[in-house]
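See structure below.
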Amino acid sequence: MIRGVHHLAISTADLDRFVDHYERWFGFERAGAEGGWQPGNARIDQMVGLKDSSARYQMIRLDNLHIEIFQYDSNDPRTVHPRMCDHGITHLCLYCDDVFAEYERLSRLGMEFHCPPGGSAATRATYGRDCDGNVVELLQIVDAGCGFGFETIAMPSARNGEAI
């Protein structure tokens, strides 16, 4: 039975810089030791669909969200920034208690935003760019009855499948 999302993964040209930014900007922390592999690991090559791959990685976490950060040292990695309308994953959304305060704090730290926060009756949000140019949304839900409130997500119990 699938129980939820464990992590997403982001590839970067500079693992140390990226992890440092996510720790300072967003409050992530390292989850476990740094890892990696060298060329010649057939199992990993098959899993990632690359030949003679090598990389370093670090898992970071913020509450229930884990992000696995990879720095590939092989296979000619390229920087790709899909537009919001392009197919595939386009952004990471971080929930905030006060999107306006986070916008101000992160702007002072150097995060560039597309616009100031704004929104509807249910939400306040803005999009910005992390240190690699990936889109990060800051979201505040102001109407708990909107149907996708952060605190209202029922988690399945490991014991009997009942929501807890």
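In the structure tokens, the first chain shown is A, the next is B, and so on; residue numbers restart at 1 for each chain, and ligands run from 1 in the order shown.
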Q: Give me the residues within 9 Å of range 17-33 of chain A as a count of residues only, counting only C-alpha atoms and dropping any in the same chain fewer than 3 places off.
A: 19
Residues near range 134-136 of chain A, anyone? I mean within 9 Å using only C-alpha atoms, not counting same-chain ones fewer than 2 positions away, as a JSON list (two decimals) with N, CA, C and O atoms, in the first residue's frame.
[["chain", "number", "residue", "atom", "x", "y", "z"],
["A", 81, "HIS", "N", 15.50, 24.64, -16.94],
["A", 81, "HIS", "CA", 14.49, 25.34, -16.15],
["A", 81, "HIS", "C", 13.18, 25.37, -16.93],
["A", 81, "HIS", "O", 12.97, 26.26, -17.75],
["A", 82, "PRO", "N", 12.31, 24.38, -16.68],
["A", 82, "PRO", "CA", 11.04, 24.38, -17.41],
["A", 82, "PRO", "C", 10.20, 25.60, -17.02],
["A", 82, "PRO", "O", 10.28, 26.08, -15.89],
["A", 84, "MET", "N", 6.53, 27.33, -16.30],
["A", 84, "MET", "CA", 5.40, 26.81, -15.54],
["A", 84, "MET", "C", 4.42, 26.05, -16.44],
["A", 84, "MET", "O", 3.74, 25.15, -15.98],
["A", 90, "THR", "N", 7.22, 21.35, -12.19],
["A", 90, "THR", "CA", 7.59, 22.74, -12.45],
["A", 90, "THR", "C", 7.98, 23.53, -11.22],
["A", 90, "THR", "O", 8.63, 24.56, -11.35],
["A", 91, "HIS", "N", 7.56, 23.10, -10.02],
["A", 91, "HIS", "CA", 7.94, 23.87, -8.83],
["A", 91, "HIS", "C", 7.76, 23.06, -7.55],
["A", 91, "HIS", "O", 7.09, 22.05, -7.53],
["A", 92, "LEU", "N", 8.38, 23.57, -6.50],
["A", 92, "LEU", "CA", 8.27, 23.05, -5.15],
["A", 92, "LEU", "C", 7.48, 24.08, -4.35],
["A", 92, "LEU", "O", 7.77, 25.27, -4.44],
["A", 93, "CYS", "N", 6.49, 23.65, -3.59],
["A", 93, "CYS", "CA", 5.69, 24.57, -2.78],
["A", 93, "CYS", "C", 5.99, 24.34, -1.30],
["A", 93, "CYS", "O", 5.90, 23.21, -0.82],
["A", 94, "LEU", "N", 6.33, 25.42, -0.59],
["A", 94, "LEU", "CA", 6.57, 25.36, 0.84],
["A", 94, "LEU", "C", 5.45, 26.12, 1.55],
["A", 94, "LEU", "O", 5.14, 27.26, 1.19],
["A", 126, "THR", "N", 3.26, 33.36, -3.53],
["A", 126, "THR", "CA", 4.17, 33.97, -4.48],
["A", 126, "THR", "C", 5.14, 32.91, -4.96],
["A", 126, "THR", "O", 5.34, 31.89, -4.29],
["A", 127, "TYR", "N", 5.75, 33.14, -6.12],
["A", 127, "TYR", "CA", 6.77, 32.26, -6.67],
["A", 127, "TYR", "C", 8.09, 33.01, -6.69],
["A", 127, "TYR", "O", 8.14, 34.20, -7.01],
["A", 128, "GLY", "N", 9.15, 32.28, -6.38],
["A", 128, "GLY", "CA", 10.50, 32.82, -6.46],
["A", 128, "GLY", "C", 11.44, 31.76, -6.98],
["A", 128, "GLY", "O", 11.00, 30.67, -7.36],
["A", 129, "ARG", "N", 12.73, 32.07, -6.98],
["A", 129, "ARG", "CA", 13.74, 31.16, -7.49],
["A", 129, "ARG", "C", 14.76, 30.84, -6.41],
["A", 129, "ARG", "O", 15.22, 31.72, -5.70],
["A", 130, "ASP", "N", 15.11, 29.53, -6.28],
["A", 130, "ASP", "CA", 16.16, 29.15, -5.33],
["A", 130, "ASP", "C", 17.52, 29.48, -5.93],
["A", 130, "ASP", "O", 17.62, 30.08, -7.01],
["A", 131, "CYS", "N", 18.58, 29.07, -5.26],
["A", 131, "CYS", "CA", 19.94, 29.41, -5.68],
["A", 131, "CYS", "C", 20.33, 28.81, -7.02],
["A", 131, "CYS", "O", 21.29, 29.27, -7.64],
["A", 132, "ASP", "N", 19.61, 27.81, -7.51],
["A", 132, "ASP", "CA", 19.87, 27.21, -8.82],
["A", 132, "ASP", "C", 18.86, 27.65, -9.87],
["A", 132, "ASP", "O", 18.91, 27.19, -11.00],
["A", 138, "LEU", "N", 5.85, 29.93, -2.20],
["A", 138, "LEU", "CA", 5.53, 30.10, -0.79],
["A", 138, "LEU", "C", 4.02, 30.24, -0.72],
["A", 138, "LEU", "O", 3.43, 31.07, -1.40]]
